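S.K.: One file: model.cif (mmCIF, C-alpha atoms).
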data_query
#
loop_
_atom_site.label_atom_id
_atom_site.label_comp_id
_atom_site.auth_asym_id
_atom_site.auth_seq_id
_atom_site.Cartn_x
_atom_site.Cartn_y
_atom_site.Cartn_z
CA MET J 1 16.17 8.55 -1.13
CA GLY J 2 15.70 7.35 -4.65
CA ARG J 3 18.27 5.16 -6.29
CA SER J 4 21.26 5.66 -4.04
CA GLY J 5 20.74 2.76 -1.64
CA GLY J 6 21.19 3.66 1.93
CA GLY J 7 18.57 4.66 4.67
CA GLY J 8 11.81 11.74 15.55
CA GLY J 9 10.49 9.65 18.34
CA GLY J 10 6.90 8.84 17.43
CA GLY J 11 4.39 8.24 20.15
CA GLY J 12 2.66 5.10 21.32
CA GLY J 13 -0.92 5.05 22.45
CA PRO J 14 -4.15 3.35 21.46
CA ALA J 15 -5.09 2.31 17.98
CA ILE J 16 -6.15 5.34 15.97
CA LEU J 17 -8.39 5.07 12.93
CA LEU J 18 -7.19 7.42 10.22
CA VAL J 19 -9.93 8.71 7.99
CA ALA J 20 -8.37 11.30 5.71
CA ALA J 21 -8.19 10.69 1.98
CA VAL J 22 -6.85 13.07 -0.62
CA LEU J 23 -6.25 12.78 -4.34
CA VAL J 24 -3.06 14.54 -5.35
CA ALA J 25 -1.93 14.60 -8.99
CA GLY J 26 -3.68 11.35 -9.68
CA VAL J 27 -2.23 9.45 -6.71
CA ALA J 28 -4.48 8.66 -3.79
CA VAL J 29 -2.91 9.50 -0.45
CA SER J 30 -5.33 7.55 1.66
CA ASN J 31 -5.47 6.29 5.20
CA ALA J 32 -9.14 5.36 4.93
CA GLN J 33 -8.92 2.03 6.75
CA LEU J 34 -5.41 2.01 8.15
CA LYS J 35 -4.95 2.05 11.89
CA VAL J 36 -2.21 1.54 14.43
CA GLY J 37 -2.56 -1.98 15.79
CA PHE J 38 -4.59 -3.30 12.86
CA TYR J 39 -3.39 -6.86 13.55
CA SER J 40 -3.77 -6.72 17.34
CA LYS J 41 -6.54 -9.33 17.26
CA SER J 42 -6.11 -11.11 13.91
CA CYS J 43 -2.34 -11.66 14.32
CA PRO J 44 -1.13 -10.24 17.64
CA THR J 45 2.49 -11.36 17.05
CA ALA J 46 2.76 -9.68 13.66
CA GLU J 47 4.77 -6.60 14.62
CA SER J 48 7.03 -8.40 17.09
CA THR J 49 7.73 -11.11 14.50
CA VAL J 50 8.79 -8.48 11.97
CA ALA J 51 11.00 -6.67 14.48
CA SER J 52 12.67 -9.88 15.62
CA ALA J 53 13.40 -10.95 12.06
CA VAL J 54 14.82 -7.56 11.10
CA ARG J 55 17.07 -7.70 14.15
CA GLN J 56 18.32 -11.17 13.19
CA PHE J 57 19.10 -10.12 9.62
CA ALA J 58 20.83 -6.96 10.89
CA ASP J 59 22.96 -8.97 13.30
CA ALA J 60 24.26 -10.90 10.30
CA ASP J 61 24.63 -7.84 8.05
CA SER J 62 23.97 -4.34 9.39
CA THR J 63 23.85 -2.88 5.87
CA ILE J 64 20.42 -4.46 5.44
CA LEU J 65 18.90 -1.76 7.67
CA PRO J 66 19.21 1.23 5.32
CA ALA J 67 18.38 -1.14 2.45
CA LEU J 68 15.01 -1.91 4.06
CA VAL J 69 14.23 1.80 4.37
CA ARG J 70 15.08 2.25 0.69
CA LEU J 71 12.82 -0.70 -0.16
CA GLN J 72 9.81 1.08 1.34
CA PHE J 73 10.59 4.22 -0.64
CA HIS J 74 10.81 2.24 -3.86
CA ASP J 75 7.53 0.47 -3.17
CA CYS J 76 5.48 3.47 -2.06
CA PHE J 77 6.60 5.85 -4.81
CA ILE J 78 5.22 3.62 -7.56
CA LYS J 79 1.43 3.50 -7.53
CA GLY J 80 1.42 3.47 -3.73
CA CYS J 81 2.51 1.18 -0.91
CA ASP J 82 1.11 -2.07 -2.30
CA GLY J 83 4.06 -4.48 -2.34
CA SER J 84 4.26 -4.37 -6.14
CA VAL J 85 8.06 -3.99 -6.06
CA LEU J 86 8.29 -7.48 -4.52
CA ILE J 87 6.82 -9.30 -7.53
CA LYS J 88 9.27 -11.36 -9.58
CA GLY J 89 8.93 -13.20 -12.88
CA GLY J 90 6.74 -12.31 -15.83
CA GLY J 91 9.56 -12.38 -18.37
CA ASN J 92 11.51 -9.64 -16.58
CA ASN J 93 8.62 -7.24 -17.07
CA ALA J 94 7.87 -6.78 -13.36
CA GLU J 95 8.42 -3.46 -11.64
CA VAL J 96 11.55 -4.68 -9.86
CA ASN J 97 13.28 -5.29 -13.21
CA ASN J 98 13.36 -1.56 -14.00
CA ASN J 99 16.88 -0.08 -13.88
CA LYS J 100 15.59 2.52 -11.42
CA HIS J 101 15.63 -0.30 -8.84
CA GLN J 102 19.29 -1.09 -9.40
CA GLY J 103 20.89 -2.48 -6.26
CA LEU J 104 17.57 -2.85 -4.44
CA ARG J 105 17.91 -5.21 -1.48
CA GLY J 106 15.75 -6.58 1.30
CA LEU J 107 13.25 -8.55 -0.76
CA ASP J 108 14.58 -11.77 0.74
CA VAL J 109 14.04 -10.35 4.22
CA VAL J 110 10.40 -9.61 3.43
CA ASP J 111 9.97 -13.10 1.93
CA SER J 112 11.41 -14.69 5.06
CA ILE J 113 9.19 -12.65 7.38
CA LYS J 114 6.15 -13.49 5.29
CA GLN J 115 6.93 -17.20 5.55
CA GLN J 116 7.09 -16.89 9.34
CA LEU J 117 3.84 -14.96 9.52
CA GLU J 118 2.07 -17.43 7.26
CA SER J 119 2.89 -20.15 9.77
CA GLU J 120 1.56 -18.01 12.62
CA CYS J 121 -1.41 -16.29 10.97
CA PRO J 122 -2.10 -17.68 7.48
CA GLY J 123 -3.48 -15.20 4.96
CA VAL J 124 -3.64 -12.27 7.37
CA VAL J 125 -0.61 -9.96 7.15
CA SER J 126 0.03 -8.29 3.80
CA CYS J 127 3.41 -8.02 2.16
CA ALA J 128 2.85 -4.27 1.80
CA ASP J 129 2.55 -3.97 5.58
CA ILE J 130 5.66 -6.09 6.12
CA VAL J 131 7.65 -3.66 3.95
CA VAL J 132 6.48 -0.68 6.01
CA LEU J 133 6.95 -2.39 9.38
CA ALA J 134 10.43 -3.66 8.47
CA SER J 135 11.44 -0.17 7.36
CA ARG J 136 10.14 1.32 10.61
CA ASP J 137 12.08 -1.21 12.67
CA ALA J 138 15.22 -0.73 10.57
CA ILE J 139 15.14 3.00 11.36
CA ALA J 140 14.93 2.30 15.08
CA PHE J 141 17.76 -0.25 14.92
CA THR J 142 20.07 2.32 13.29
CA GLY J 143 19.55 4.61 16.26
CA GLY J 144 16.70 6.53 14.68
CA PRO J 145 13.29 7.21 16.19
CA SER J 146 10.87 4.51 17.31
CA PHE J 147 7.34 5.26 16.17
CA ASP J 148 3.96 3.71 15.48
CA VAL J 149 2.85 3.07 11.91
CA PRO J 150 -0.74 2.39 10.89
CA THR J 151 -1.30 -0.95 9.16
CA GLY J 152 -4.06 -2.60 7.17
CA ARG J 153 -2.62 -2.28 3.66
CA ARG J 154 -3.53 -4.84 1.03
CA ASP J 155 -1.24 -6.13 -1.71
CA GLY J 156 -1.59 -4.95 -5.29
CA ARG J 157 -2.38 -7.22 -8.21
CA THR J 158 -0.23 -5.49 -10.82
CA SER J 159 3.50 -4.93 -11.27
CA SER J 160 4.78 -3.40 -14.50
CA LEU J 161 8.33 -2.60 -15.57
CA ARG J 162 7.52 0.86 -16.91
CA ASP J 163 5.60 1.94 -13.81
CA ALA J 164 8.94 2.43 -12.06
CA ASP J 165 10.03 5.11 -14.55
CA VAL J 166 8.48 7.69 -12.21
CA LEU J 167 10.98 7.04 -9.41
CA PRO J 168 13.17 9.99 -8.46
CA ASP J 169 16.61 9.74 -10.02
CA VAL J 170 19.97 10.71 -8.60
CA LYS J 171 20.41 13.10 -11.56
CA ASP J 172 17.04 14.85 -11.20
CA SER J 173 17.08 18.62 -10.77
CA ILE J 174 15.53 20.08 -7.65
CA ASN J 175 12.45 21.12 -9.63
CA VAL J 176 11.97 17.59 -10.95
CA LEU J 177 12.44 16.15 -7.46
CA ARG J 178 9.89 18.55 -6.00
CA SER J 179 7.44 17.69 -8.76
CA LYS J 180 7.81 13.93 -8.25
CA PHE J 181 7.31 14.27 -4.50
CA ALA J 182 4.31 16.57 -4.97
CA ALA J 183 2.74 13.98 -7.29
CA ASN J 184 2.69 11.66 -4.29
CA GLY J 185 1.25 14.23 -1.89
CA LEU J 186 4.63 15.04 -0.33
CA ASP J 187 5.85 18.61 0.13
CA ASP J 188 9.27 20.26 0.28
CA LYS J 189 9.63 19.46 3.97
CA ASP J 190 8.93 15.79 3.28
CA LEU J 191 11.48 15.81 0.44
CA VAL J 192 14.23 17.03 2.76
CA LEU J 193 13.23 14.79 5.67
CA LEU J 194 12.96 11.61 3.60
CA SER J 195 16.25 12.37 1.84
CA SER J 196 17.74 12.58 5.33
CA ALA J 197 17.43 8.81 5.53
CA HIS J 198 20.80 8.98 3.79
CA THR J 199 22.25 9.71 7.23
CA VAL J 200 22.96 5.96 7.26
CA GLY J 201 23.99 3.67 4.44
CA THR J 202 26.23 3.75 1.40
CA THR J 203 25.99 4.31 -2.32
CA ALA J 204 27.76 2.67 -5.24
CA CYS J 205 30.20 4.64 -7.38
CA PHE J 206 27.84 3.88 -10.27
CA PHE J 207 25.66 6.74 -9.02
CA LEU J 208 28.57 9.21 -8.91
CA GLN J 209 30.18 8.65 -12.29
CA ASP J 210 28.26 11.38 -14.11
CA ARG J 211 28.69 13.88 -11.30
CA LEU J 212 32.43 13.29 -11.08
CA TYR J 213 33.36 12.84 -14.74
CA ASN J 214 30.48 13.55 -17.10
CA PHE J 215 28.67 16.59 -15.72
CA PRO J 216 27.47 19.07 -18.39
CA LEU J 217 29.46 22.30 -18.00
CA ALA J 218 28.12 25.80 -18.64
CA GLY J 219 30.75 26.60 -21.25
CA GLY J 220 30.25 23.33 -23.08
CA GLY J 221 31.92 20.01 -22.65
CA ARG J 222 31.73 17.72 -19.65
CA GLY J 223 33.70 17.23 -16.48
CA ALA J 224 33.21 17.34 -12.72
CA ASP J 225 30.27 19.11 -11.11
CA PRO J 226 31.77 22.58 -10.43
CA THR J 227 29.75 22.98 -7.21
CA ILE J 228 31.75 20.24 -5.46
CA PRO J 229 34.48 21.80 -3.25
CA GLU J 230 37.93 21.07 -4.67
CA GLY J 231 39.17 19.03 -1.72
CA PHE J 232 35.97 17.00 -1.55
CA LEU J 233 36.09 16.39 -5.29
CA SER J 234 39.59 14.94 -4.98
CA GLU J 235 38.38 12.76 -2.12
CA LEU J 236 35.44 11.42 -4.14
CA GLN J 237 37.50 10.83 -7.28
CA SER J 238 40.11 8.94 -5.26
CA ARG J 239 37.34 6.63 -4.03
CA CYS J 240 35.47 6.34 -7.33
CA ALA J 241 37.77 6.07 -10.32
CA PRO J 242 36.39 6.47 -13.85
CA GLY J 243 34.48 3.32 -14.77
CA ASP J 244 34.31 2.06 -11.17
CA PHE J 245 30.66 1.17 -10.64
CA ASN J 246 30.90 -1.12 -7.63
CA THR J 247 32.96 0.53 -4.88
CA ARG J 248 30.69 1.81 -2.12
CA LEU J 249 31.12 4.90 0.01
CA PRO J 250 29.06 6.50 2.78
CA LEU J 251 26.24 8.85 1.86
CA ASP J 252 26.79 10.85 5.05
CA ARG J 253 30.46 11.79 5.10
CA GLY J 254 31.97 11.38 8.55
CA SER J 255 28.82 10.12 10.26
CA GLU J 256 27.57 7.19 8.22
CA GLY J 257 27.04 4.98 11.26
CA GLU J 258 24.75 7.34 13.19
CA PHE J 259 21.19 8.46 12.62
CA ASP J 260 21.55 12.22 12.98
CA THR J 261 21.32 15.53 11.15
CA SER J 262 24.92 15.38 9.93
CA ILE J 263 23.63 14.58 6.43
CA LEU J 264 21.86 17.95 6.35
CA ARG J 265 24.93 19.82 7.55
CA ASN J 266 26.96 18.07 4.86
CA ILE J 267 24.41 19.12 2.25
CA ARG J 268 24.50 22.71 3.53
CA ASN J 269 28.30 22.82 3.50
CA GLY J 270 28.77 21.33 0.02
CA PHE J 271 29.66 17.80 1.10
CA ALA J 272 26.65 15.96 -0.34
CA VAL J 273 27.88 12.79 -2.01
CA ILE J 274 25.14 12.25 -4.59
CA ALA J 275 23.70 14.90 -6.88
CA SER J 276 20.09 14.57 -5.71
CA ASP J 277 21.17 15.34 -2.12
CA ALA J 278 23.23 18.32 -3.30
CA ALA J 279 20.18 19.54 -5.25
CA LEU J 280 18.34 20.14 -1.98
CA TYR J 281 20.47 23.24 -1.55
CA ASN J 282 19.57 24.58 -5.00
CA ALA J 283 16.07 25.95 -4.34
CA THR J 284 14.90 28.45 -1.75
CA ALA J 285 12.04 26.21 -0.63
CA THR J 286 14.31 23.32 0.34
CA VAL J 287 17.31 25.42 1.43
CA GLY J 288 15.16 26.82 4.23
CA VAL J 289 14.19 23.33 5.40
CA VAL J 290 17.79 22.09 5.31
CA ASP J 291 18.98 25.14 7.26
CA THR J 292 16.24 24.79 9.85
CA TYR J 293 16.93 21.16 10.71
CA SER J 294 20.72 21.41 10.46
CA SER J 295 20.82 24.22 13.00
CA MET J 296 22.05 23.15 16.41
CA LEU J 297 19.26 25.24 17.96
CA SER J 298 16.58 22.97 16.50
CA THR J 299 17.66 20.25 18.91
CA PHE J 300 16.45 22.42 21.77
CA PHE J 301 13.80 24.69 20.31
CA GLY J 302 12.49 22.78 17.30
CA PRO J 303 11.52 21.88 14.74
CA TYR J 304 12.38 18.43 16.02
CA PHE J 305 14.07 16.37 13.34
CA ARG J 306 13.42 12.89 14.76
CA GLN J 307 9.71 13.47 15.32
CA ASP J 308 9.24 15.13 11.93
CA PHE J 309 11.22 12.42 10.16
CA ALA J 310 8.94 9.79 11.71
CA ASP J 311 5.87 11.77 10.62
CA ALA J 312 7.22 11.96 7.06
CA MET J 313 7.78 8.19 7.00
CA VAL J 314 4.19 7.59 8.15
CA LYS J 315 2.95 10.01 5.50
CA MET J 316 4.93 8.25 2.78
CA GLY J 317 3.59 4.92 4.01
CA SER J 318 0.06 6.12 3.33
CA ILE J 319 0.53 6.83 -0.39
CA GLY J 320 -2.03 5.08 -2.58
CA VAL J 321 -2.78 2.27 -0.15
CA LEU J 322 -5.27 -0.48 -0.90
CA THR J 323 -7.57 -1.30 2.00
CA GLY J 324 -10.76 -3.19 2.79
CA GLY J 325 -11.70 -5.49 -0.06
CA ALA J 326 -9.26 -3.99 -2.59
CA GLY J 327 -6.25 -5.98 -3.74
CA GLU J 328 -5.32 -9.19 -1.93
CA VAL J 329 -3.17 -10.60 0.86
CA ARG J 330 -0.51 -12.62 -0.94
CA LYS J 331 0.54 -16.01 0.32
CA VAL J 332 4.02 -15.47 -1.12
CA CYS J 333 5.27 -11.92 -1.52
CA SER J 334 7.06 -12.49 -4.81
CA LYS J 335 3.99 -13.67 -6.72
CA PHE J 336 0.31 -12.92 -7.00
CA ASN J 337 -2.18 -15.38 -5.51
#
How would this structure read if it were set down as structure tokens?

M.R.:
Amino acid sequence: MGRSGGGGGGGGGPAILLVAAVLVAGVAVSNAQLKVGFYSKSCPTAESTVASAVRQFADADSTILPALVRLQFHDCFIKGCDGSVLIKGGGNNAEVNNNKHQGLRGLDVVDSIKQQLESECPGVVSCADIVVLASRDAIAFTGGPSFDVPTGRRDGRTSSLRDADVLPDVKDSINVLRSKFAANGLDDKDLVLLSSAHTVGTTACFFLQDRLYNFPLAGGGRGADPTIPEGFLSELQSRCAPGDFNTRLPLDRGSEGEFDTSILRNIRNGFAVIASDAALYNATATVGVVDTYSSMLSTFFGPYFRQDFADAMVKMGSIGVLTGGAGEVRKVCSKFN
């Protein structure tokens, strides 16, 4: 998912208290006090308010939906899902000011939802939970799976520019990507599934310039990534001229408007638009996952992409969460209390 900009049917049922907690590479992957329906008594309209607001924003601009999914990724991958990416100010030293967040959108949506919830249930619903709920609803509104997410996160009290250096980058090798995901308790399957959020959304030509014109070549010098099929390379270069940073093009060639496994088939067949997606077909561990989910047979016999994608989103939403008396519940998402 990373810097490109973009982004199975989970079940309903009663509130479930999740009790697992693991420490992986220094990052707590903890669900200690998260549960589905956390606000059912303290703010019963919380989830419906978020869904309604996301729908209203999407009616005005449908591109906000993949942007909200990307926003969750950018929040959770940096010291956990604590709303730290929402903080503004501090002399441009906040996390959001890092270049890794270039083009990040949806912060205004979260601010608007928070304002609504403060009028309904003052001081109850955290900004970190709003990010996760808005992302979940955005997935459903793009035609993706509907699923429950546990809530009860608290907002962090720190936001530092350099903390965002750990975000996956579009130019990362497959080994670097796997390492960064593993540091957050996410495995190769999660890497492929979460990258599949690129089935909807677009990317700016800024993120293709190196791959199209400045890729390091084996014999020395620089040029186009030699793994890009010739016809596809011509197509990309016609859309993204040298020095064009702003033109946008779909991440999922030919199926950008539908939540489906087309993105994985494109990756398998050499039609990945950004380098980090193409990298998923450069290591045996992830090639197997891509092949499994892109097979037409998986629709009937499993593994089931929509369900597993939802599970991966819930897993990502549990990275490094603050619960109980930790952190705070901000009154305004863009600043600490």

S.K.: Could you check the closest approach to J:Ser126 for each of J:Leu161, J:Leu233, J:Cys43, J:Leu217 and tell me which residue wins, using all atoms listed in the file?

M.R.: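 The closest residue to J:Ser126 is J:Cys43.
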
S.K.: Could you list the residues chosen by the PyMOL selection byres ((chain J and resi 99-106) around 10) in this structure as a PyMOL selection string?

M.R.: chain J and resi 2-6+54+57+63-72+74-75+85-86+95-98+107-112+131+134-135+161-162+164-170+203-204+206

S.K.: Keeping only C-alpha atoms, write the selected residues as a CSV table (one decimal), keeping the file's coordinate frame.

M.R.:
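Generated file (result31.csv):
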chain,number,residue,atom,x,y,z
J,2,GLY,CA,15.7,7.4,-4.6
J,3,ARG,CA,18.3,5.2,-6.3
J,4,SER,CA,21.3,5.7,-4.0
J,5,GLY,CA,20.7,2.8,-1.6
J,6,GLY,CA,21.2,3.7,1.9
J,54,VAL,CA,14.8,-7.6,11.1
J,57,PHE,CA,19.1,-10.1,9.6
J,63,THR,CA,23.8,-2.9,5.9
J,64,ILE,CA,20.4,-4.5,5.4
J,65,LEU,CA,18.9,-1.8,7.7
J,66,PRO,CA,19.2,1.2,5.3
J,67,ALA,CA,18.4,-1.1,2.4
J,68,LEU,CA,15.0,-1.9,4.1
J,69,VAL,CA,14.2,1.8,4.4
J,70,ARG,CA,15.1,2.2,0.7
J,71,LEU,CA,12.8,-0.7,-0.2
J,72,GLN,CA,9.8,1.1,1.3
J,74,HIS,CA,10.8,2.2,-3.9
J,75,ASP,CA,7.5,0.5,-3.2
J,85,VAL,CA,8.1,-4.0,-6.1
J,86,LEU,CA,8.3,-7.5,-4.5
J,95,GLU,CA,8.4,-3.5,-11.6
J,96,VAL,CA,11.6,-4.7,-9.9
J,97,ASN,CA,13.3,-5.3,-13.2
J,98,ASN,CA,13.4,-1.6,-14.0
J,107,LEU,CA,13.2,-8.6,-0.8
J,108,ASP,CA,14.6,-11.8,0.7
J,109,VAL,CA,14.0,-10.4,4.2
J,110,VAL,CA,10.4,-9.6,3.4
J,111,ASP,CA,10.0,-13.1,1.9
J,112,SER,CA,11.4,-14.7,5.1
J,131,VAL,CA,7.6,-3.7,4.0
J,134,ALA,CA,10.4,-3.7,8.5
J,135,SER,CA,11.4,-0.2,7.4
J,161,LEU,CA,8.3,-2.6,-15.6
J,162,ARG,CA,7.5,0.9,-16.9
J,164,ALA,CA,8.9,2.4,-12.1
J,165,ASP,CA,10.0,5.1,-14.6
J,166,VAL,CA,8.5,7.7,-12.2
J,167,LEU,CA,11.0,7.0,-9.4
J,168,PRO,CA,13.2,10.0,-8.5
J,169,ASP,CA,16.6,9.7,-10.0
J,170,VAL,CA,20.0,10.7,-8.6
J,203,THR,CA,26.0,4.3,-2.3
J,204,ALA,CA,27.8,2.7,-5.2
J,206,PHE,CA,27.8,3.9,-10.3

S.K.: If you apply the PyMOL selection byres ((chain J and resi 243-248) around 7) to this file, what residues do you get, as an mmCIF file with C-alpha atoms, keeping the file's coordinate frame?

M.R.:
data_model
loop_
_atom_site.group_PDB
_atom_site.id
_atom_site.type_symbol
_atom_site.label_atom_id
_atom_site.label_comp_id
_atom_site.auth_asym_id
_atom_site.auth_seq_id
_atom_site.Cartn_x
_atom_site.Cartn_y
_atom_site.Cartn_z
ATOM 1 C CA THR J 202 26.230 3.750 1.400
ATOM 2 C CA THR J 203 25.990 4.310 -2.320
ATOM 3 C CA ALA J 204 27.760 2.670 -5.240
ATOM 4 C CA CYS J 205 30.200 4.640 -7.380
ATOM 5 C CA PHE J 206 27.840 3.880 -10.270
ATOM 6 C CA CYS J 240 35.470 6.340 -7.330
ATOM 7 C CA ALA J 241 37.770 6.070 -10.320
ATOM 8 C CA PRO J 242 36.390 6.470 -13.850
ATOM 9 C CA LEU J 249 31.120 4.900 0.010
ATOM 10 C CA PRO J 250 29.060 6.500 2.780
#

S.K.: At a cut-off of 10 Å, using only C-alpha atoms, what residues contact J:Gly144? Leave out same-chain residues fewer than 2 positions from it and give the result as a PyMOL selection string.

M.R.: chain J and resi 8-9+136-142+146-147+197+199-200+258-260+306-307+309-310

S.K.: Convert the current residue selection to file output with C-alpha atoms, as a compact mmCIF listing (two decimals), keeping the file's coordinate frame.

M.R.:
# COMPACT_ATOMS: atom_id res chain seq x y z
CA GLY J 8 11.81 11.74 15.55
CA GLY J 9 10.49 9.65 18.34
CA ARG J 136 10.14 1.32 10.61
CA ASP J 137 12.08 -1.21 12.67
CA ALA J 138 15.22 -0.73 10.57
CA ILE J 139 15.14 3.00 11.36
CA ALA J 140 14.93 2.30 15.08
CA PHE J 141 17.76 -0.25 14.92
CA THR J 142 20.07 2.32 13.29
CA SER J 146 10.87 4.51 17.31
CA PHE J 147 7.34 5.26 16.17
CA ALA J 197 17.43 8.81 5.53
CA THR J 199 22.25 9.71 7.23
CA VAL J 200 22.96 5.96 7.26
CA GLU J 258 24.75 7.34 13.19
CA PHE J 259 21.19 8.46 12.62
CA ASP J 260 21.55 12.22 12.98
CA ARG J 306 13.42 12.89 14.76
CA GLN J 307 9.71 13.47 15.32
CA PHE J 309 11.22 12.42 10.16
CA ALA J 310 8.94 9.79 11.71

S.K.: Nearest residue to J:Pro122 out of J:Arg153, J:Ala46, J:Pro303, J:Leu264, using all atoms listed in the file?

M.R.: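 Smallest separation from J:Pro122 among the options: J:Ala46.
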
S.K.: Could you check which of J:Leu177, J:Met313, J:Ile130, J:Ala53 is closest to J:Asn282, using all atoms listed in the file?

M.R.: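 Result for the nearest residue to J:Asn282: J:Leu177.
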
S.K.: Between J:Lys79, J:Gly324, J:Ala51, J:Ser334, which one has atoms that come closest to J:Leu133, using only C-alpha atoms?

M.R.: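 For J:Leu133, the nearest of the candidates is J:Ala51.
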
S.K.: Write out as a list of chain:residue names each polymer residue whose atoms come within 8 Å of J:Val329, counting only C-alpha atoms; drop sequence neighbours fewer than 5 positions from it.

M.R.: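 After dropping sequence-adjacent residues, the list is J:Gly123, J:Val124, J:Val125, J:Ser126, J:Cys127, J:Arg154, J:Asp155.
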
S.K.: Could the residues in this selection be saved with C-alpha atoms as a CSV table (one decimal), keeping the file's coordinate frame?

M.R.:
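Okay, out.csv is ready:
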chain,number,residue,atom,x,y,z
J,123,GLY,CA,-3.5,-15.2,5.0
J,124,VAL,CA,-3.6,-12.3,7.4
J,125,VAL,CA,-0.6,-10.0,7.2
J,126,SER,CA,0.0,-8.3,3.8
J,127,CYS,CA,3.4,-8.0,2.2
J,154,ARG,CA,-3.5,-4.8,1.0
J,155,ASP,CA,-1.2,-6.1,-1.7

S.K.: What is the distance, in Å and to one decimal place, between atom CA of J:Gly325 and atom CA of J:Gln116?

M.R.: 23.9 Å

S.K.: Using only C-alpha atoms, pick whichever of J:Pro226, J:Gly89, J:Val290, J:Ser119 has the shortest atom-to-atom distance to J:Asp188.

M.R.: J:Val290

S.K.: I would like the residues chosen by the PyMOL selection byres ((chain J and resi 171) around 10) on the shown file; could you give them as a PDB file with C-alpha atoms, in the coordinates of the input?

M.R.:
ATOM      1  CA  ARG J   3      18.270   5.160  -6.290  1.00  0.00           C
ATOM      2  CA  PRO J 168      13.170   9.990  -8.460  1.00  0.00           C
ATOM      3  CA  ASP J 169      16.610   9.740 -10.020  1.00  0.00           C
ATOM      4  CA  VAL J 170      19.970  10.710  -8.600  1.00  0.00           C
ATOM      5  CA  ASP J 172      17.040  14.850 -11.200  1.00  0.00           C
ATOM      6  CA  SER J 173      17.080  18.620 -10.770  1.00  0.00           C
ATOM      7  CA  ILE J 174      15.530  20.080  -7.650  1.00  0.00           C
ATOM      8  CA  VAL J 176      11.970  17.590 -10.950  1.00  0.00           C
ATOM      9  CA  LEU J 177      12.440  16.150  -7.460  1.00  0.00           C
ATOM     10  CA  PHE J 207      25.660   6.740  -9.020  1.00  0.00           C
ATOM     11  CA  LEU J 208      28.570   9.210  -8.910  1.00  0.00           C
ATOM     12  CA  ASP J 210      28.260  11.380 -14.110  1.00  0.00           C
ATOM     13  CA  ARG J 211      28.690  13.880 -11.300  1.00  0.00           C
ATOM     14  CA  PHE J 215      28.670  16.590 -15.720  1.00  0.00           C
ATOM     15  CA  ILE J 274      25.140  12.250  -4.590  1.00  0.00           C
ATOM     16  CA  ALA J 275      23.700  14.900  -6.880  1.00  0.00           C
ATOM     17  CA  SER J 276      20.090  14.570  -5.710  1.00  0.00           C
ATOM     18  CA  ASP J 277      21.170  15.340  -2.120  1.00  0.00           C
ATOM     19  CA  ALA J 279      20.180  19.540  -5.250  1.00  0.00           C
TER      20      ALA J 279
END

S.K.: For atom CA of J:Lys114 and atom CA of J:Lys41, determine how far apart the two atoms are, in Å to one decimal place.

M.R.: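 Computing the Euclidean distance for atom CA of J:Lys114 and atom CA of J:Lys41 yields 17.9 Å.
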
S.K.: So, counting all atoms listed in the file, which residue among J:Ser42, J:Ser179, J:Ser48, J:Ser318 is closest to J:Pro150?

M.R.: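 The closest residue to J:Pro150 is J:Ser318.
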
S.K.: Mind checking which residues fall within 10 Å of J:Asn269, counting all atoms listed in the file, ignoring those fewer than 4 positions away in the same chain, and posting them as a list in words?

M.R.: Ile228, Pro229, Ile263, Leu264, Arg265, Ala278 and Tyr281 of chain J

S.K.: Rounded to one decimal place, report the atom CA of J:Val289-atom CA of J:Asn175 distance in Å.

M.R.: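 According to the coordinates, atom CA of J:Val289 and atom CA of J:Asn175 are separated by 15.3 Å.
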
S.K.: Counting only C-alpha atoms, I want the residues whose atoms come within 7 Å of (-5.2, -10.8, -3.2) in the file frame, returned as an NGL selection string.

M.R.: :J and (155 or 157 or 327-330 or 337)

S.K.: Suppose we keep C-alpha atoms; can you now write the selection as a short mmCIF file (atom, residue, chain, number, x, y, z; two decimals), in the coordinates of the input?

M.R.:
data_model
loop_
_atom_site.label_atom_id
_atom_site.label_comp_id
_atom_site.auth_asym_id
_atom_site.auth_seq_id
_atom_site.Cartn_x
_atom_site.Cartn_y
_atom_site.Cartn_z
CA ASP J 155 -1.24 -6.13 -1.71
CA ARG J 157 -2.38 -7.22 -8.21
CA GLY J 327 -6.25 -5.98 -3.74
CA GLU J 328 -5.32 -9.19 -1.93
CA VAL J 329 -3.17 -10.60 0.86
CA ARG J 330 -0.51 -12.62 -0.94
CA ASN J 337 -2.18 -15.38 -5.51
#

S.K.: My structure is short of atoms at stretch 246-251 of chain J; please model N, CA and C atoms there, returning them as a compact mmCIF listing (two decimals), in the coordinates of the input.

M.R.:
# COMPACT_ATOMS: atom_id res chain seq x y z
N ASN J 246 31.25 -0.24 -8.74
CA ASN J 246 30.90 -1.12 -7.63
C ASN J 246 31.38 -0.68 -6.25
N THR J 247 32.47 0.08 -6.19
CA THR J 247 32.96 0.53 -4.88
C THR J 247 31.86 1.32 -4.18
N ARG J 248 31.73 1.11 -2.88
CA ARG J 248 30.69 1.81 -2.12
C ARG J 248 31.34 2.81 -1.16
N LEU J 249 30.66 3.92 -0.95
CA LEU J 249 31.12 4.90 0.01
C LEU J 249 29.93 5.50 0.76
N PRO J 250 30.17 6.01 1.95
CA PRO J 250 29.06 6.50 2.78
C PRO J 250 28.34 7.68 2.14
N LEU J 251 27.03 7.72 2.33
CA LEU J 251 26.24 8.85 1.86
C LEU J 251 26.39 10.05 2.78
